[in-house]
Amino acid sequence: MTQTANMTALLQSALPNAARPAVVIVGILYFAGIVAISVWAARKTRTAADFFVAGKGIGLVALTIASVSVSVSGFAFIGGPGFIYAVGLGAMYIVLPAAVTNVMGAWVLAKRMRLLGEVRALITIPDAIGARYRSRLAQGVSAAAMLVGIVGYMATNALAMGVVINSIFGVGLGWGIWIGMGVTLAYSASGGILAGIYNDVFQGTLMAIASVLVFLFVLDFGGGLGAISRTILAHDSVLLGPWGKITPLAALSFFFVFSMGSLGQPQAVHKYYMLRDPLQLKWYPLLKTLGLVLVLLLYFGVGVGVKAFVLSGRLPQLTSPDQATPTLLLNVTPLILAALVFSGVAAATMSAANSFINIGAAIVTHDLPIAFGRPVRNELGWGRAVTILIAVAAAITAQQSGTMVAFLGIFGWGLFASTLVPALAVGLNWQGATRAGAIASIATGLIVTLALETAAYLKVFTFPAGVTASAVAMVSSFLVFFIVSWLTRRNAMMELDADVRLVMEI
Amino acid sequence: MIPPETADRARGRDVTRRAALIALFVAITAIAAGYAAAFSKSGTPSWAPWLLVVGIPVALGAIMILGAARGHEGIGPLKVPFAFVVIVLIIGFSAALALPATEGPLSKLWLGLPARAAIVIYGVGLLPIIVLPVAYALTFEAQTLSAEDVERIRTLARRRLADYDNRSQASLDKVRG
């Protein structure tokens, strides 16, 4: 979640210099932990399946924490609280869908993806689309669409890493980007997704601890949620209205895009392949939802808390909303807590980057060659090589104009949602869906997202309040999927293999 | 010939899935209409958000039903939690939209928040957490996945692998003459 607005918030303003001894020491310990995990994982990675899906051998708790870690980006720690600070509770509609998204993903995708992985030895999301529609073209089109989204995400994550590392160590933005991407690359290329998963576990745990501690600190410092609310209500009661300062349509749009769109986010969906025992899915949604709630406590707590503290004069006025978290951490919390949160933000950006590097490498070395009828023989070797290429390309792109990089990152969430949700989430549960419907829907999502985002970026037109390119692209893609599948419904059963049908029946 | 009981069951399954698909299509169309209305020259009409207030919960409920529908049994006892969550979301969003704005320094607080905010944060944001994942876990073996299901899939996978090995061996033999 929250990857869309994600790093844009981090790009809008640099973080303040947090390079205090405690922050630097915790930062160094954090990076040392990552190196240790990566060395261990590299020794266990021997095949392409190990590299891309951890040999389908991850336990429930590890997979849950890792999934929480990749579902939350640095936005939950910096941009999100700033958004609440600026617009009030309307910003909560980005994270409220967490109440339903995990269990919805479990019902709609987890079982079928995991069983498809079992029966066909699949390792990627386009693999599942290719198997479902018995179509290399569908696999190739979905892979290409995902690659476009990943390019944007990787650049924004690389830049976000640079911003955070510069804030912790004071090394400059350019070096921050190369250091962050270098460390991420080292563990991605050597240990693949196995290193990624166990680093995600480490990073997710760190994020949850930091979030809970900061939330409790804010409640204590503010005299409880009631006192915080009273302060805000006395100065600007609209902030605590149900929509805050945004329109109902805008708030509901957030809820729609971040709930339904969650079914198309590859960094989370890809994880379903990795669970060691499919029967462990039983507790996955409950554990993941609880984990996500813990990590998101900071989002809400810091957002409303800092607003109240600024209004009551306990904190100075902020130069921009994104300074909400840093201002709280560097002015009133114990320094060790600030250190944990800054490392937590670095962790969030690195776990997202690792996940996308891995998925991107799988697309280039596995899905696209299959789509062109030329499978690669040494997928592990090529996977490592492409991992390096993607990371270096992302780091170079991140050095370009911040506006351009922000633009690349904005459409990521919406692009994944509009291209993958109908074809994958509905398609795996509706035997009447057709290959033509899936391909048309993926193409619609890709074209509408790119066209509308580009037009908005170039200021050719502005959307009415509450309407976003992501939402329009997703509903367009859904409607095209239904209509084309209905028009070509005679082909539906012929395009379904017996084993895939069994997976869809169970 | 399909035995009558099986045919009835199949129809029952189709009814569940078909109803979910129709609900999903109608809900997405309603959401699309809400967005389209926002492009009106006179601004977003007051009824447009209502299309999303109803459309979003129905779409989420429909896609969950589609995912949870199993073989011949439809969604079984999951009707109750699904209906509960769809209703909670509709009521929560409706209350936020329809109740008058009375937030002020003297507002009564519910668990630290004014009434309309509390309905959204605790109702929409927390109630589904209590109900849905627990319902998923409690119905998992019967409704989602049992050990027998996994074994069926693994048997199928072994058969596919054996077929693949046989085909590969045959191709190799052919090449070797």
# chains A, B, ... in the order shown; residues from 1 in each chain; ligands from 1
call {"tool": "interface_residues", "arguments": {"of": "chain A", "to": "chain B", "cutoff": "7 Å", "atoms": "only C-alpha atoms", "output": "PDB file with N, CA and C atoms, in the first residue's frame"}}
result
ATOM      1  N   LEU A  96      -6.982   3.098   5.500  1.00  0.00           N
ATOM      2  CA  LEU A  96      -8.144   2.354   6.027  1.00  0.00           C
ATOM      3  C   LEU A  96      -8.416   1.052   5.260  1.00  0.00           C
ATOM      4  N   ALA A  99      -7.903  -2.714   6.423  1.00  0.00           N
ATOM      5  CA  ALA A  99      -8.839  -3.542   7.186  1.00  0.00           C
ATOM      6  C   ALA A  99      -9.389  -4.687   6.349  1.00  0.00           C
ATOM      7  N   VAL A 100      -9.443  -4.520   5.028  1.00  0.00           N
ATOM      8  CA  VAL A 100     -10.018  -5.582   4.190  1.00  0.00           C
ATOM      9  C   VAL A 100      -9.047  -6.149   3.149  1.00  0.00           C
ATOM     10  N   VAL A 103      -7.237  -9.849   3.762  1.00  0.00           N
ATOM     11  CA  VAL A 103      -8.116 -11.017   3.710  1.00  0.00           C
ATOM     12  C   VAL A 103      -8.755 -11.125   2.326  1.00  0.00           C
ATOM     13  N   MET A 104      -9.007 -10.000   1.691  1.00  0.00           N
ATOM     14  CA  MET A 104      -9.537 -10.027   0.326  1.00  0.00           C
ATOM     15  C   MET A 104      -8.512 -10.687  -0.604  1.00  0.00           C
ATOM     16  N   TRP A 107      -8.576 -14.470  -0.049  1.00  0.00           N
ATOM     17  CA  TRP A 107      -9.689 -15.183  -0.687  1.00  0.00           C
ATOM     18  C   TRP A 107      -9.573 -15.187  -2.200  1.00  0.00           C
ATOM     19  N   VAL A 108      -9.203 -14.040  -2.756  1.00  0.00           N
ATOM     20  CA  VAL A 108      -9.272 -13.877  -4.210  1.00  0.00           C
ATOM     21  C   VAL A 108      -8.048 -14.481  -4.910  1.00  0.00           C
ATOM     22  N   LEU A 115      -1.641 -22.636  -5.384  1.00  0.00           N
ATOM     23  CA  LEU A 115      -1.899 -23.946  -5.984  1.00  0.00           C
ATOM     24  C   LEU A 115      -1.420 -23.991  -7.437  1.00  0.00           C
ATOM     25  N   GLU A 118       2.070 -24.702  -7.326  1.00  0.00           N
ATOM     26  CA  GLU A 118       2.300 -26.113  -6.997  1.00  0.00           C
ATOM     27  C   GLU A 118       2.163 -26.996  -8.242  1.00  0.00           C
ATOM     28  N   VAL A 119       1.101 -26.786  -8.995  1.00  0.00           N
ATOM     29  CA  VAL A 119       0.801 -27.707 -10.082  1.00  0.00           C
ATOM     30  C   VAL A 119       1.618 -27.399 -11.338  1.00  0.00           C
ATOM     31  N   ARG A 120       2.024 -26.135 -11.519  1.00  0.00           N
ATOM     32  CA  ARG A 120       2.742 -25.766 -12.741  1.00  0.00           C
ATOM     33  C   ARG A 120       4.169 -25.284 -12.483  1.00  0.00           C
ATOM     34  N   LEU A 225      -5.374  10.540  23.222  1.00  0.00           N
ATOM     35  CA  LEU A 225      -5.981  10.925  21.946  1.00  0.00           C
ATOM     36  C   LEU A 225      -7.067  11.987  22.147  1.00  0.00           C
ATOM     37  N   GLY A 226      -7.803  11.877  23.264  1.00  0.00           N
ATOM     38  CA  GLY A 226      -8.858  12.853  23.528  1.00  0.00           C
ATOM     39  C   GLY A 226      -8.301  14.272  23.635  1.00  0.00           C
ATOM     40  N   SER A 229      -7.223  15.505  20.244  1.00  0.00           N
ATOM     41  CA  SER A 229      -8.391  15.892  19.437  1.00  0.00           C
ATOM     42  C   SER A 229      -8.943  17.230  19.889  1.00  0.00           C
ATOM     43  N   ARG A 230      -9.051  17.424  21.210  1.00  0.00           N
ATOM     44  CA  ARG A 230      -9.595  18.693  21.732  1.00  0.00           C
ATOM     45  C   ARG A 230      -8.766  19.884  21.241  1.00  0.00           C
ATOM     46  N   LEU A 233      -9.604  20.372  17.543  1.00  0.00           N
ATOM     47  CA  LEU A 233     -10.973  20.865  17.370  1.00  0.00           C
ATOM     48  C   LEU A 233     -11.088  22.341  17.757  1.00  0.00           C
ATOM     49  N   ALA A 234     -10.294  22.756  18.722  1.00  0.00           N
ATOM     50  CA  ALA A 234     -10.359  24.158  19.162  1.00  0.00           C
ATOM     51  C   ALA A 234      -9.797  25.110  18.105  1.00  0.00           C
ATOM     52  N   SER A 237     -11.484  22.587  13.337  1.00  0.00           N
ATOM     53  CA  SER A 237     -12.278  21.366  13.539  1.00  0.00           C
ATOM     54  C   SER A 237     -12.464  20.560  12.247  1.00  0.00           C
ATOM     55  N   LEU A 240     -10.660  17.189  11.749  1.00  0.00           N
ATOM     56  CA  LEU A 240     -11.168  15.953  12.354  1.00  0.00           C
ATOM     57  C   LEU A 240     -12.586  15.632  11.890  1.00  0.00           C
ATOM     58  N   GLY A 241     -13.014  16.265  10.801  1.00  0.00           N
ATOM     59  CA  GLY A 241     -14.237  15.818  10.149  1.00  0.00           C
ATOM     60  C   GLY A 241     -13.941  14.522   9.410  1.00  0.00           C
ATOM     61  N   PRO A 242     -14.970  13.802   8.959  1.00  0.00           N
ATOM     62  CA  PRO A 242     -14.720  12.475   8.368  1.00  0.00           C
ATOM     63  C   PRO A 242     -13.948  12.515   7.055  1.00  0.00           C
ATOM     64  N   PRO A 248     -15.381  14.492  -0.344  1.00  0.00           N
ATOM     65  CA  PRO A 248     -15.779  13.088  -0.155  1.00  0.00           C
ATOM     66  C   PRO A 248     -15.384  12.218  -1.346  1.00  0.00           C
ATOM     67  N   LEU A 249     -15.527  12.774  -2.559  1.00  0.00           N
ATOM     68  CA  LEU A 249     -15.181  11.976  -3.741  1.00  0.00           C
ATOM     69  C   LEU A 249     -13.689  11.620  -3.734  1.00  0.00           C
ATOM     70  N   LEU A 252     -13.092   8.935  -0.997  1.00  0.00           N
ATOM     71  CA  LEU A 252     -13.615   7.629  -1.425  1.00  0.00           C
ATOM     72  C   LEU A 252     -12.776   7.053  -2.567  1.00  0.00           C
ATOM     73  N   PHE A 256     -11.065   3.402  -2.790  1.00  0.00           N
ATOM     74  CA  PHE A 256     -11.276   2.485  -3.913  1.00  0.00           C
ATOM     75  C   PHE A 256      -9.940   2.029  -4.514  1.00  0.00           C
ATOM     76  N   MET A 260      -9.233  -2.012  -3.855  1.00  0.00           N
ATOM     77  CA  MET A 260      -9.295  -2.898  -5.021  1.00  0.00           C
ATOM     78  C   MET A 260      -7.917  -3.002  -5.687  1.00  0.00           C
ATOM     79  N   LEU A 279      -1.407 -24.798   3.435  1.00  0.00           N
ATOM     80  CA  LEU A 279      -2.395 -24.813   4.521  1.00  0.00           C
ATOM     81  C   LEU A 279      -2.109 -23.739   5.572  1.00  0.00           C
ATOM     82  N   LYS A 282      -4.090 -20.212   6.326  1.00  0.00           N
ATOM     83  CA  LYS A 282      -5.190 -20.030   7.281  1.00  0.00           C
ATOM     84  C   LYS A 282      -5.005 -18.789   8.157  1.00  0.00           C
ATOM     85  N   TRP A 283      -3.821 -18.593   8.656  1.00  0.00           N
ATOM     86  CA  TRP A 283      -3.592 -17.488   9.592  1.00  0.00           C
ATOM     87  C   TRP A 283      -2.914 -16.285   8.960  1.00  0.00           C
ATOM     88  N   PRO A 285      -3.888 -13.916   6.645  1.00  0.00           N
ATOM     89  CA  PRO A 285      -4.537 -12.592   6.636  1.00  0.00           C
ATOM     90  C   PRO A 285      -4.620 -11.952   8.015  1.00  0.00           C
ATOM     91  N   LEU A 286      -4.891 -12.771   9.025  1.00  0.00           N
ATOM     92  CA  LEU A 286      -5.013 -12.218  10.383  1.00  0.00           C
ATOM     93  C   LEU A 286      -3.675 -11.647  10.846  1.00  0.00           C
ATOM     94  N   ASN A 429     -10.839 -16.314 -10.917  1.00  0.00           N
ATOM     95  CA  ASN A 429     -12.045 -16.742 -10.202  1.00  0.00           C
ATOM     96  C   ASN A 429     -13.281 -16.793 -11.088  1.00  0.00           C
ATOM     97  N   PRO A 464     -10.962  16.789 -12.366  1.00  0.00           N
ATOM     98  CA  PRO A 464     -11.824  17.388 -11.345  1.00  0.00           C
ATOM     99  C   PRO A 464     -11.408  16.870  -9.968  1.00  0.00           C
ATOM    100  N   VAL A 467     -11.015  12.969  -8.709  1.00  0.00           N
ATOM    101  CA  VAL A 467     -10.833  11.989  -9.779  1.00  0.00           C
ATOM    102  C   VAL A 467      -9.346  11.853 -10.060  1.00  0.00           C
ATOM    103  N   VAL A 475     -11.246   1.540 -13.480  1.00  0.00           N
ATOM    104  CA  VAL A 475     -12.630   1.232 -13.869  1.00  0.00           C
ATOM    105  C   VAL A 475     -12.706   0.955 -15.373  1.00  0.00           C
ATOM    106  N   GLU A 505     -11.632 -24.371  -9.343  1.00  0.00           N
ATOM    107  CA  GLU A 505     -12.815 -24.983  -8.729  1.00  0.00           C
ATOM    108  C   GLU A 505     -12.656 -25.164  -7.227  1.00  0.00           C
ATOM    109  N   ILE A 506     -11.432 -25.437  -6.800  1.00  0.00           N
ATOM    110  CA  ILE A 506     -11.207 -25.747  -5.383  1.00  0.00           C
ATOM    111  C   ILE A 506     -11.488 -24.527  -4.530  1.00  0.00           C
TER     112      ILE A 506
END
call {"tool": "residues_around", "arguments": {"residues": "segment 173-176 of chain A", "least_positions_apart": "6", "cutoff": "8 Å", "atoms": "only C-alpha atoms", "output": "list of chain:residue names"}}
result
A:Met161, A:Gly162, A:Val163, A:Val164, A:Ile165, A:Asn166, A:Gln399
call {"tool": "atom_distance", "arguments": {"atom1": "atom CA of Ala19 of chain B", "atom2": "atom CA of Trp430 of chain A"}}
result
11.9 Å
call {"tool": "residues_around", "arguments": {"residues": "Gly261 of chain A", "least_positions_apart": "4", "cutoff": "7 Å", "atoms": "only C-alpha atoms", "output": "number ranges by chain"}}
result
A: 257, 417, 421
call {"tool": "residues_around", "arguments": {"residues": "segment 140-143 of chain A", "least_positions_apart": "3", "cutoff": "7 Å", "atoms": "only C-alpha atoms", "output": "ChimeraX atom specification"}}
result
/A:126,136-137,146-147,363,367-368,371,442
call {"tool": "select_by_dssp", "arguments": {"residues": "segment 269-487 of chain A", "states": "alpha helix (DSSP H)", "output": "number ranges by chain"}}
result
A: 269, 284-311, 324-331, 335-362, 368-371, 379-398, 402-410, 412-420, 435-457, 469-487
call {"tool": "write_last_selection", "arguments": {"atoms": "C-alpha atoms", "output": "CSV table (one decimal), in the first residue's frame"}}
result
chain,number,residue,atom,x,y,z
A,269,VAL,CA,0.9,-10.9,-4.7
A,284,TYR,CA,-1.9,-15.3,7.0
A,285,PRO,CA,-4.5,-12.6,6.6
A,286,LEU,CA,-5.0,-12.2,10.4
A,287,LEU,CA,-1.3,-12.0,11.1
A,288,LYS,CA,-0.6,-9.7,8.2
A,289,THR,CA,-3.5,-7.3,9.1
A,290,LEU,CA,-2.3,-7.1,12.7
A,291,GLY,CA,1.2,-6.4,11.5
A,292,LEU,CA,0.1,-3.8,9.1
A,293,VAL,CA,-2.0,-2.0,11.8
A,294,LEU,CA,1.1,-1.9,14.1
A,295,VAL,CA,3.3,-0.4,11.3
A,296,LEU,CA,0.6,2.2,10.4
A,297,LEU,CA,0.1,3.4,14.0
A,298,LEU,CA,2.8,6.0,13.3
A,299,TYR,CA,1.0,7.3,10.2
A,300,PHE,CA,-2.1,8.3,12.3
A,301,GLY,CA,-0.4,9.1,15.6
A,302,VAL,CA,2.3,11.4,14.2
A,303,GLY,CA,-0.1,13.0,11.8
A,304,VAL,CA,-2.7,14.1,14.4
A,305,GLY,CA,-0.2,14.5,17.2
A,306,VAL,CA,2.2,16.9,15.5
A,307,LYS,CA,-0.8,18.9,14.2
A,308,ALA,CA,-2.0,19.3,17.8
A,309,PHE,CA,1.6,20.1,19.1
A,310,VAL,CA,2.1,22.8,16.5
A,311,LEU,CA,-1.3,24.3,17.1
A,324,ALA,CA,6.0,16.4,10.6
A,325,THR,CA,7.8,13.2,11.5
A,326,PRO,CA,11.4,14.6,11.4
A,327,THR,CA,10.3,17.7,13.4
A,328,LEU,CA,8.8,15.4,16.1
A,329,LEU,CA,11.7,13.1,16.2
A,330,LEU,CA,14.5,15.7,16.3
A,331,ASN,CA,12.8,18.0,18.8
A,335,LEU,CA,17.3,10.3,20.1
A,336,ILE,CA,17.3,6.5,20.1
A,337,LEU,CA,13.7,6.5,19.0
A,338,ALA,CA,14.6,9.0,16.2
A,339,ALA,CA,17.4,6.7,15.2
A,340,LEU,CA,15.1,3.7,15.0
A,341,VAL,CA,12.6,5.6,12.9
A,342,PHE,CA,15.2,6.9,10.4
A,343,SER,CA,16.6,3.4,10.0
A,344,GLY,CA,13.0,2.2,9.7
A,345,VAL,CA,12.4,4.6,6.8
A,346,ALA,CA,15.6,3.4,5.1
A,347,ALA,CA,14.4,-0.2,5.7
A,348,ALA,CA,11.0,0.6,4.1
A,349,THR,CA,12.6,2.0,0.9
A,350,MET,CA,15.2,-0.8,0.7
A,351,SER,CA,12.7,-3.6,1.1
A,352,ALA,CA,10.4,-2.1,-1.6
A,353,ALA,CA,13.4,-1.7,-3.9
A,354,ASN,CA,14.7,-5.2,-3.4
A,355,SER,CA,11.3,-6.6,-4.1
A,356,PHE,CA,10.9,-4.7,-7.4
A,357,ILE,CA,14.4,-5.5,-8.5
A,358,ASN,CA,13.7,-9.2,-8.1
A,359,ILE,CA,10.3,-9.0,-9.8
A,360,GLY,CA,11.8,-6.9,-12.6
A,361,ALA,CA,14.7,-9.4,-13.1
A,362,ALA,CA,12.2,-12.3,-13.3
A,368,LEU,CA,9.6,-11.9,-21.7
A,369,PRO,CA,11.7,-14.7,-23.2
A,370,ILE,CA,8.8,-17.1,-22.7
A,371,ALA,CA,6.5,-14.7,-24.4
A,379,GLU,CA,17.9,-18.2,-15.4
A,380,LEU,CA,19.8,-17.9,-12.2
A,381,GLY,CA,22.9,-16.4,-13.9
A,382,TRP,CA,20.9,-14.1,-16.1
A,383,GLY,CA,18.7,-13.2,-13.1
A,384,ARG,CA,21.8,-12.0,-11.2
A,385,ALA,CA,23.1,-10.0,-14.2
A,386,VAL,CA,19.7,-8.3,-14.9
A,387,THR,CA,19.4,-7.5,-11.2
A,388,ILE,CA,22.6,-5.5,-11.4
A,389,LEU,CA,21.4,-3.7,-14.6
A,390,ILE,CA,18.1,-2.7,-13.1
A,391,ALA,CA,19.7,-1.4,-9.9
A,392,VAL,CA,22.3,0.7,-11.8
A,393,ALA,CA,19.7,2.0,-14.2
A,394,ALA,CA,17.5,3.0,-11.3
A,395,ALA,CA,20.3,4.8,-9.5
A,396,ILE,CA,21.3,6.7,-12.7
A,397,THR,CA,17.6,7.7,-13.3
A,398,ALA,CA,17.3,8.8,-9.7
A,402,GLY,CA,13.3,15.2,-9.1
A,403,THR,CA,10.1,16.2,-10.9
A,404,MET,CA,10.7,13.7,-13.6
A,405,VAL,CA,11.5,10.9,-11.1
A,406,ALA,CA,8.4,11.9,-9.0
A,407,PHE,CA,6.3,11.6,-12.2
A,408,LEU,CA,7.7,8.1,-12.9
A,409,GLY,CA,6.8,7.0,-9.4
A,410,ILE,CA,3.3,8.4,-9.3
A,412,GLY,CA,3.2,2.8,-10.3
A,413,TRP,CA,0.3,1.8,-8.0
A,414,GLY,CA,-2.4,2.7,-10.5
A,415,LEU,CA,-0.6,1.0,-13.3
A,416,PHE,CA,-0.3,-2.3,-11.5
A,417,ALA,CA,-3.9,-2.0,-10.3
A,418,SER,CA,-5.4,-1.2,-13.7
A,419,THR,CA,-3.3,-3.8,-15.7
A,420,LEU,CA,-3.4,-6.7,-13.3
A,435,ARG,CA,-7.9,-14.4,-23.3
A,436,ALA,CA,-9.1,-11.5,-25.5
A,437,GLY,CA,-10.7,-9.9,-22.4
A,438,ALA,CA,-7.5,-10.2,-20.4
A,439,ILE,CA,-5.3,-8.8,-23.1
A,440,ALA,CA,-7.7,-5.9,-23.9
A,441,SER,CA,-8.0,-5.1,-20.2
A,442,ILE,CA,-4.2,-5.1,-19.6
A,443,ALA,CA,-3.6,-2.9,-22.7
A,444,THR,CA,-6.4,-0.5,-21.6
A,445,GLY,CA,-5.0,-0.2,-18.1
A,446,LEU,CA,-1.5,0.5,-19.5
A,447,ILE,CA,-2.6,3.0,-22.2
A,448,VAL,CA,-5.2,4.9,-20.1
A,449,THR,CA,-2.8,5.2,-17.1
A,450,LEU,CA,0.2,6.4,-19.3
A,451,ALA,CA,-2.0,8.8,-21.4
A,452,LEU,CA,-3.8,10.4,-18.4
A,453,GLU,CA,-0.8,10.7,-16.2
A,454,THR,CA,1.3,12.2,-19.0
A,455,ALA,CA,-1.5,14.6,-19.9
A,456,ALA,CA,-1.8,15.7,-16.3
A,457,TYR,CA,2.0,16.0,-15.9
A,469,ALA,CA,-5.9,8.7,-13.4
A,470,SER,CA,-5.4,5.5,-11.4
A,471,ALA,CA,-9.2,5.3,-10.6
A,472,VAL,CA,-10.3,6.1,-14.2
A,473,ALA,CA,-7.8,3.6,-15.6
A,474,MET,CA,-8.9,0.9,-13.2
A,475,VAL,CA,-12.6,1.2,-13.9
A,476,SER,CA,-11.9,1.4,-17.6
A,477,SER,CA,-9.8,-1.7,-17.4
A,478,PHE,CA,-12.5,-3.6,-15.5
A,479,LEU,CA,-15.3,-2.6,-17.9
A,480,VAL,CA,-13.2,-3.5,-21.0
A,481,PHE,CA,-12.4,-6.9,-19.3
A,482,PHE,CA,-16.1,-7.7,-18.7
A,483,ILE,CA,-17.3,-6.5,-22.1
A,484,VAL,CA,-14.6,-8.2,-24.2
A,485,SER,CA,-14.9,-11.4,-22.2
A,486,TRP,CA,-18.6,-11.4,-22.7
A,487,LEU,CA,-18.3,-10.7,-26.5
call {"tool": "atom_distance", "arguments": {"atom1": "atom CA of Ile123 of chain A", "atom2": "atom CA of His366 of chain A"}}
result
8.9 Å
call {"tool": "atom_distance", "arguments": {"atom1": "atom CA of Ser259 of chain A", "atom2": "atom CA of Pro97 of chain A"}}
result
5.0 Å
call {"tool": "closest_residue", "arguments": {"among": "B:Ala23, B:Val54, B:Ala170, B:Ala142", "to": "Ile75 of chain B", "atoms": "only C-alpha atoms"}}
result
B:Ala142
call {"tool": "closest_residue", "arguments": {"among": "B:Gly123, B:Phe82, B:Gly74, B:Leu89", "to": "Ala62 of chain B", "atoms": "only C-alpha atoms"}}
result
B:Phe82
call {"tool": "closest_residue", "arguments": {"among": "A:Ile209, A:Leu109, A:Ala250, A:Ala91", "to": "Val426 of chain A", "atoms": "only C-alpha atoms"}}
result
A:Leu109
